[in-house]
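Undergrad: One structure is given below, represented as structure tokens, and several questions about it will come after.
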Amino acid sequence: MFRLGILISGRGSNMLALSDAVRDGVIPGAEVGVVISDKACAAGLERAAERGLKTVVIERRGRSRVEHDQEIHAALVEHRVDLVCLAGYMRLLSADFIEAFRGRIVNIHPSLLPAFPGLDAQAAAIRYGVRWTGCTVHFVDEDLDAGPIILQQPVPVQEDDTVETLSARILKEEHHIYAQAVALVAGGELKIEGRRVLLKKKEGN
Ligand code: GRF
């Protein structure tokens with residue numbers, strides 16, 4: 001089994017979407033090994049536990065980023081995680097952590113990267129006046145929201161959109177493409193060449 005370790009800090013709707021996708025066979029051969037939150041109050045924790053998923057809380061508690069990440073690393077190893085899925089995880093990861101899991105960390109971001117990296121991407125899209133924004137699933141490297149892109153889904157911005165209405169329209173697509181992207185990674189179907197993520201050629205083609 002290909003095991004997912006899902007990192008959350010809050011609501012956890014993408015975590016639930018991945019868990020549903022595993023259950024429904026959208027990510028064949030995969031299982032959720034552990035859900036880790038850096039916040040004991042994350043709403044997603046309870047929802048994960050209701051589904052019988054293993055949950056672990058690892059709070060920062062005034063420690064350095066490196067120490068905190070080492071504990072998360074240990075929990076991921078303990079639960080034999082193959083792929084780390086960031087799902088609304090609100091902390092930057094240390095360079096050591098990223099190196100240890102190079103090519104095995106993915107993130108979902110609510111814009112069409114490289115537009116609007118960082119926090120409040122939906123508000124930034126409205127402020128800028130773009131007609132289209134969307135969401136991106138990408139591998140994680142040392143730079144914020146900048147690793148090689150796996151999948152993107154455009155979403156229109158409407159004139160009467162608020163941050164809430166636009167975020168909800170994007171979130172629906174996030175849930176869909178995150179599961180699709182994780183299925184591609186779990187199936188060993190991708191290779192990274194520089195910045196580009198390419199589909200491996202199937203044997204016989
Ligand atoms: C999502 O919009 C995701 O793109 C961003 O943080 C939000 C997390 O939402 N990284 P949820 O916790 O998955 O519901």
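Each chain of the structure tokens is named A, B, ... in the order shown, its residues numbered from 1; ligands are numbered from 1 in display order.
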Considering only C-alpha atoms and all ligand atoms, tabulate each residue of chain A that lies at most 8 Å from ligand 1 along with its nearest interatomic pair and the corresponding distance in Å to one decimal; arrange the rows by chain and ascending residue number and present them as JSON lines.

TA:
{"residue": "A:Ile8", "atom": "CA", "partner": "ligand 1", "partner_atom_place_in_ligand_line": "12 (O)", "distance": 6.5}
{"residue": "A:Ser9", "atom": "CA", "partner": "ligand 1", "partner_atom_place_in_ligand_line": "12 (O)", "distance": 6.8}
{"residue": "A:Gly10", "atom": "CA", "partner": "ligand 1", "partner_atom_place_in_ligand_line": "12 (O)", "distance": 5.0}
{"residue": "A:Arg11", "atom": "CA", "partner": "ligand 1", "partner_atom_place_in_ligand_line": "12 (O)", "distance": 4.0}
{"residue": "A:Gly12", "atom": "CA", "partner": "ligand 1", "partner_atom_place_in_ligand_line": "12 (O)", "distance": 3.5}
{"residue": "A:Ser13", "atom": "CA", "partner": "ligand 1", "partner_atom_place_in_ligand_line": "14 (O)", "distance": 3.5}
{"residue": "A:Asn14", "atom": "CA", "partner": "ligand 1", "partner_atom_place_in_ligand_line": "13 (O)", "distance": 3.6}
{"residue": "A:Met15", "atom": "CA", "partner": "ligand 1", "partner_atom_place_in_ligand_line": "13 (O)", "distance": 5.9}
{"residue": "A:Leu16", "atom": "CA", "partner": "ligand 1", "partner_atom_place_in_ligand_line": "13 (O)", "distance": 7.8}
{"residue": "A:Gly44", "atom": "CA", "partner": "ligand 1", "partner_atom_place_in_ligand_line": "12 (O)", "distance": 7.1}
{"residue": "A:Leu86", "atom": "CA", "partner": "ligand 1", "partner_atom_place_in_ligand_line": "10 (N)", "distance": 7.4}
{"residue": "A:Ala87", "atom": "CA", "partner": "ligand 1", "partner_atom_place_in_ligand_line": "13 (O)", "distance": 4.9}
{"residue": "A:Gly88", "atom": "CA", "partner": "ligand 1", "partner_atom_place_in_ligand_line": "8 (C)", "distance": 3.6}
{"residue": "A:Tyr89", "atom": "CA", "partner": "ligand 1", "partner_atom_place_in_ligand_line": "10 (N)", "distance": 6.7}
{"residue": "A:Met90", "atom": "CA", "partner": "ligand 1", "partner_atom_place_in_ligand_line": "10 (N)", "distance": 7.6}
{"residue": "A:Asn107", "atom": "CA", "partner": "ligand 1", "partner_atom_place_in_ligand_line": "10 (N)", "distance": 7.0}
{"residue": "A:Ile108", "atom": "CA", "partner": "ligand 1", "partner_atom_place_in_ligand_line": "4 (O)", "distance": 4.8}
{"residue": "A:His109", "atom": "CA", "partner": "ligand 1", "partner_atom_place_in_ligand_line": "4 (O)", "distance": 3.9}
{"residue": "A:Pro110", "atom": "CA", "partner": "ligand 1", "partner_atom_place_in_ligand_line": "4 (O)", "distance": 4.3}
{"residue": "A:Ser111", "atom": "CA", "partner": "ligand 1", "partner_atom_place_in_ligand_line": "4 (O)", "distance": 7.9}
{"residue": "A:Cys135", "atom": "CA", "partner": "ligand 1", "partner_atom_place_in_ligand_line": "4 (O)", "distance": 7.0}
{"residue": "A:Ser167", "atom": "CA", "partner": "ligand 1", "partner_atom_place_in_ligand_line": "2 (O)", "distance": 7.0}
{"residue": "A:Ile170", "atom": "CA", "partner": "ligand 1", "partner_atom_place_in_ligand_line": "2 (O)", "distance": 7.6}
{"residue": "A:Leu171", "atom": "CA", "partner": "ligand 1", "partner_atom_place_in_ligand_line": "2 (O)", "distance": 5.9}
{"residue": "A:Glu174", "atom": "CA", "partner": "ligand 1", "partner_atom_place_in_ligand_line": "4 (O)", "distance": 6.6}

Undergrad: Store the residues picked out above in a file with N, CA and C atoms, as a PDB file, in the first residue's frame.

TA:
ATOM      1  N   ILE A   8      -2.278  19.031   8.378  1.00  0.00           N
ATOM      2  CA  ILE A   8      -3.317  20.061   8.399  1.00  0.00           C
ATOM      3  C   ILE A   8      -3.039  21.060   9.534  1.00  0.00           C
ATOM      4  N   SER A   9      -3.733  22.218   9.437  1.00  0.00           N
ATOM      5  CA  SER A   9      -3.721  23.168  10.560  1.00  0.00           C
ATOM      6  C   SER A   9      -5.128  23.615  10.914  1.00  0.00           C
ATOM      7  N   GLY A  10      -6.116  23.277  10.068  1.00  0.00           N
ATOM      8  CA  GLY A  10      -7.443  23.865  10.287  1.00  0.00           C
ATOM      9  C   GLY A  10      -8.588  22.958   9.896  1.00  0.00           C
ATOM     10  N   ARG A  11      -9.420  23.486   9.018  1.00  0.00           N
ATOM     11  CA  ARG A  11     -10.699  22.862   8.628  1.00  0.00           C
ATOM     12  C   ARG A  11     -10.536  21.453   8.069  1.00  0.00           C
ATOM     13  N   GLY A  12      -9.543  21.265   7.224  1.00  0.00           N
ATOM     14  CA  GLY A  12      -9.250  19.915   6.753  1.00  0.00           C
ATOM     15  C   GLY A  12     -10.136  19.388   5.644  1.00  0.00           C
ATOM     16  N   SER A  13     -10.747  20.277   4.856  1.00  0.00           N
ATOM     17  CA  SER A  13     -11.630  19.758   3.803  1.00  0.00           C
ATOM     18  C   SER A  13     -10.841  19.036   2.711  1.00  0.00           C
ATOM     19  N   ASN A  14      -9.631  19.503   2.413  1.00  0.00           N
ATOM     20  CA  ASN A  14      -8.827  18.775   1.421  1.00  0.00           C
ATOM     21  C   ASN A  14      -8.375  17.418   1.956  1.00  0.00           C
ATOM     22  N   MET A  15      -8.079  17.364   3.248  1.00  0.00           N
ATOM     23  CA  MET A  15      -7.725  16.087   3.878  1.00  0.00           C
ATOM     24  C   MET A  15      -8.894  15.100   3.736  1.00  0.00           C
ATOM     25  N   LEU A  16     -10.119  15.595   3.978  1.00  0.00           N
ATOM     26  CA  LEU A  16     -11.288  14.717   3.860  1.00  0.00           C
ATOM     27  C   LEU A  16     -11.499  14.294   2.408  1.00  0.00           C
ATOM     28  N   GLY A  44     -10.413  19.848  11.522  1.00  0.00           N
ATOM     29  CA  GLY A  44     -10.229  18.648  10.712  1.00  0.00           C
ATOM     30  C   GLY A  44      -9.882  17.413  11.524  1.00  0.00           C
ATOM     31  N   LEU A  86       0.364  18.246   2.013  1.00  0.00           N
ATOM     32  CA  LEU A  86       0.032  19.428   2.804  1.00  0.00           C
ATOM     33  C   LEU A  86      -1.382  19.847   2.432  1.00  0.00           C
ATOM     34  N   ALA A  87      -2.226  19.991   3.432  1.00  0.00           N
ATOM     35  CA  ALA A  87      -3.638  20.299   3.167  1.00  0.00           C
ATOM     36  C   ALA A  87      -4.065  21.407   4.127  1.00  0.00           C
ATOM     37  N   GLY A  88      -3.731  22.644   3.750  1.00  0.00           N
ATOM     38  CA  GLY A  88      -4.012  23.764   4.647  1.00  0.00           C
ATOM     39  C   GLY A  88      -3.084  23.749   5.841  1.00  0.00           C
ATOM     40  N   TYR A  89      -1.858  23.254   5.634  1.00  0.00           N
ATOM     41  CA  TYR A  89      -0.848  23.264   6.698  1.00  0.00           C
ATOM     42  C   TYR A  89      -0.184  24.637   6.660  1.00  0.00           C
ATOM     43  N   MET A  90      -0.308  25.389   7.754  1.00  0.00           N
ATOM     44  CA  MET A  90      -0.006  26.817   7.711  1.00  0.00           C
ATOM     45  C   MET A  90       1.412  27.183   8.147  1.00  0.00           C
ATOM     46  N   ASN A 107       1.519  19.897  -2.316  1.00  0.00           N
ATOM     47  CA  ASN A 107       0.715  20.944  -1.680  1.00  0.00           C
ATOM     48  C   ASN A 107      -0.395  21.359  -2.636  1.00  0.00           C
ATOM     49  N   ILE A 108      -1.484  21.855  -2.062  1.00  0.00           N
ATOM     50  CA  ILE A 108      -2.558  22.447  -2.864  1.00  0.00           C
ATOM     51  C   ILE A 108      -2.602  23.933  -2.537  1.00  0.00           C
ATOM     52  N   HIS A 109      -2.704  24.748  -3.599  1.00  0.00           N
ATOM     53  CA  HIS A 109      -2.715  26.208  -3.402  1.00  0.00           C
ATOM     54  C   HIS A 109      -3.880  26.812  -4.196  1.00  0.00           C
ATOM     55  N   PRO A 110      -4.611  27.764  -3.580  1.00  0.00           N
ATOM     56  CA  PRO A 110      -5.818  28.285  -4.253  1.00  0.00           C
ATOM     57  C   PRO A 110      -5.563  29.442  -5.217  1.00  0.00           C
ATOM     58  N   SER A 111      -4.645  29.218  -6.168  1.00  0.00           N
ATOM     59  CA  SER A 111      -4.495  30.150  -7.296  1.00  0.00           C
ATOM     60  C   SER A 111      -3.814  29.378  -8.417  1.00  0.00           C
ATOM     61  N   CYS A 135      -6.722  26.751  -9.002  1.00  0.00           N
ATOM     62  CA  CYS A 135      -5.943  26.066  -7.972  1.00  0.00           C
ATOM     63  C   CYS A 135      -4.847  25.230  -8.625  1.00  0.00           C
ATOM     64  N   SER A 167     -13.704  31.704  -3.013  1.00  0.00           N
ATOM     65  CA  SER A 167     -12.977  30.631  -2.316  1.00  0.00           C
ATOM     66  C   SER A 167     -13.756  29.322  -2.381  1.00  0.00           C
ATOM     67  N   ILE A 170     -13.426  27.815  -5.841  1.00  0.00           N
ATOM     68  CA  ILE A 170     -12.088  27.225  -6.026  1.00  0.00           C
ATOM     69  C   ILE A 170     -11.962  25.937  -5.219  1.00  0.00           C
ATOM     70  N   LEU A 171     -12.471  25.957  -3.974  1.00  0.00           N
ATOM     71  CA  LEU A 171     -12.296  24.810  -3.072  1.00  0.00           C
ATOM     72  C   LEU A 171     -12.881  23.525  -3.668  1.00  0.00           C
ATOM     73  N   GLU A 174     -10.384  22.302  -5.890  1.00  0.00           N
ATOM     74  CA  GLU A 174      -9.215  21.812  -5.141  1.00  0.00           C
ATOM     75  C   GLU A 174      -9.404  20.348  -4.777  1.00  0.00           C
TER      76      GLU A 174
END

Undergrad: Counting only C-alpha atoms, what is within 8 Å of region 195-204 of chain A, bar same-chain residues fewer than 5 positions away, as number ranges by chain?

TA: A: 147-150, 189-190

Undergrad: Could you check which of A:Arg102, A:Phe97, A:Thr165, A:Gln152 is closest to Glu71 (chain A), using only C-alpha atoms?

TA: A:Phe97

Undergrad: Per DSSP on the backbone, what are the strand (DSSP E or B) residues of region 86-205 of chain A, as a PyMOL selection string?

TA: chain A and resi 86+105-109+132-139+149-156+190-193+196-199

Undergrad: As a PyMOL selection string, please: the residues near Leu93 (chain A) (cut-off 9 Å, only C-alpha atoms, same-chain neighbours under 2 positions excluded).

TA: chain A and resi 65-66+69+91+95-98+142

Undergrad: Take the residues from that selection and write them out as an mmCIF file, in the first residue's frame, keeping all heavy atoms.

TA:
data_model
loop_
_atom_site.group_PDB
_atom_site.id
_atom_site.type_symbol
_atom_site.label_atom_id
_atom_site.label_comp_id
_atom_site.auth_asym_id
_atom_site.auth_seq_id
_atom_site.Cartn_x
_atom_site.Cartn_y
_atom_site.Cartn_z
ATOM 1 N N ARG A 65 11.743 25.733 14.468
ATOM 2 C CA ARG A 65 11.108 25.075 13.322
ATOM 3 C C ARG A 65 11.759 23.716 13.062
ATOM 4 O O ARG A 65 11.092 22.723 12.780
ATOM 5 C CB ARG A 65 11.248 25.977 12.089
ATOM 6 C CG ARG A 65 10.531 25.459 10.855
ATOM 7 C CD ARG A 65 10.812 26.304 9.631
ATOM 8 N NE ARG A 65 10.591 27.729 9.835
ATOM 9 C CZ ARG A 65 9.381 28.306 9.882
ATOM 10 N NH1 ARG A 65 8.306 27.584 9.748
ATOM 11 N NH2 ARG A 65 9.271 29.605 10.065
ATOM 12 N N VAL A 66 13.097 23.682 13.185
ATOM 13 C CA VAL A 66 13.821 22.439 12.896
ATOM 14 C C VAL A 66 13.400 21.344 13.875
ATOM 15 O O VAL A 66 13.130 20.207 13.485
ATOM 16 C CB VAL A 66 15.348 22.688 12.931
ATOM 17 C CG1 VAL A 66 16.122 21.379 12.928
ATOM 18 C CG2 VAL A 66 15.760 23.556 11.738
ATOM 19 N N ASP A 69 9.838 20.208 13.109
ATOM 20 C CA ASP A 69 9.811 19.387 11.892
ATOM 21 C C ASP A 69 10.415 18.005 12.132
ATOM 22 O O ASP A 69 9.991 17.019 11.524
ATOM 23 C CB ASP A 69 10.563 20.092 10.754
ATOM 24 C CG ASP A 69 9.729 21.200 10.135
ATOM 25 O OD1 ASP A 69 8.587 21.418 10.592
ATOM 26 O OD2 ASP A 69 10.214 21.844 9.184
ATOM 27 N N ARG A 91 2.311 26.196 8.163
ATOM 28 C CA ARG A 91 3.691 26.518 8.538
ATOM 29 C C ARG A 91 4.634 26.222 7.390
ATOM 30 O O ARG A 91 4.424 25.263 6.641
ATOM 31 C CB ARG A 91 4.131 25.651 9.709
ATOM 32 C CG ARG A 91 3.618 26.169 11.000
ATOM 33 C CD ARG A 91 4.246 25.451 12.165
ATOM 34 N NE ARG A 91 3.597 25.913 13.368
ATOM 35 C CZ ARG A 91 3.838 27.090 13.927
ATOM 36 N NH1 ARG A 91 4.732 27.909 13.403
ATOM 37 N NH2 ARG A 91 3.188 27.455 15.005
ATOM 38 N N ALA A 95 14.339 23.410 5.659
ATOM 39 C CA ALA A 95 15.078 22.875 4.508
ATOM 40 C C ALA A 95 15.428 21.405 4.730
ATOM 41 O O ALA A 95 15.372 20.593 3.793
ATOM 42 C CB ALA A 95 16.341 23.694 4.293
ATOM 43 N N ASP A 96 15.748 21.030 5.970
ATOM 44 C CA ASP A 96 16.095 19.626 6.265
ATOM 45 C C ASP A 96 14.926 18.700 5.986
ATOM 46 O O ASP A 96 15.084 17.602 5.441
ATOM 47 C CB ASP A 96 16.482 19.467 7.744
ATOM 48 C CG ASP A 96 17.861 20.018 8.035
ATOM 49 O OD1 ASP A 96 18.569 20.373 7.063
ATOM 50 O OD2 ASP A 96 18.210 20.117 9.227
ATOM 51 N N PHE A 97 13.734 19.136 6.381
ATOM 52 C CA PHE A 97 12.538 18.313 6.174
ATOM 53 C C PHE A 97 12.300 18.147 4.672
ATOM 54 O O PHE A 97 12.039 17.040 4.182
ATOM 55 C CB PHE A 97 11.329 18.989 6.841
ATOM 56 C CG PHE A 97 10.068 18.177 6.770
ATOM 57 C CD1 PHE A 97 9.689 17.369 7.834
ATOM 58 C CD2 PHE A 97 9.265 18.213 5.640
ATOM 59 C CE1 PHE A 97 8.519 16.608 7.771
ATOM 60 C CE2 PHE A 97 8.104 17.456 5.569
ATOM 61 C CZ PHE A 97 7.734 16.660 6.633
ATOM 62 N N ILE A 98 12.399 19.236 3.949
ATOM 63 C CA ILE A 98 12.142 19.189 2.502
ATOM 64 C C ILE A 98 13.164 18.288 1.818
ATOM 65 O O ILE A 98 12.827 17.490 0.938
ATOM 66 C CB ILE A 98 12.125 20.617 1.924
ATOM 67 C CG1 ILE A 98 10.872 21.342 2.438
ATOM 68 C CG2 ILE A 98 12.137 20.601 0.395
ATOM 69 C CD1 ILE A 98 10.840 22.815 2.188
ATOM 70 N N GLU A 142 12.117 24.285 -1.648
ATOM 71 C CA GLU A 142 12.478 25.250 -0.603
ATOM 72 C C GLU A 142 11.748 26.585 -0.752
ATOM 73 O O GLU A 142 11.645 27.349 0.196
ATOM 74 C CB GLU A 142 13.993 25.504 -0.598
ATOM 75 C CG GLU A 142 14.809 24.422 0.083
ATOM 76 C CD GLU A 142 14.964 23.152 -0.745
ATOM 77 O OE1 GLU A 142 14.513 23.118 -1.922
ATOM 78 O OE2 GLU A 142 15.525 22.176 -0.206
#

Undergrad: Mind pulling up the distance from CA of Ala124 (chain A) to CA of Gln158 (chain A)?

TA: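 Calculated distance between CA of Gln158 (chain A) and CA of Ala124 (chain A) is 14.1 Å.
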
Undergrad: Grab the CA of Val106 (chain A) to CA of Val137 (chain A) distance for me, in Å with one decimal place.

TA: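 It comes out at 6.8 Å.
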
Undergrad: What residues in region 7-128 of chain A get the DSSP label helix (DSSP H, G or I)? Please answer as a VMD selection string.

TA: chain A and resid 13 to 23 43 to 50 65 to 78 95 to 100 121 to 128

Undergrad: In terms of the shortest atom-to-atom distance over only C-alpha atoms, which of A:Tyr178, A:Tyr128, A:Phe101, A:Phe116 is closest to Val140 (chain A)?

TA: A:Phe101

Undergrad: Can you measure CA of Ala183 (chain A) to CA of Asp82 (chain A) for me? One decimal in Å is fine.

TA: 12.7 Å
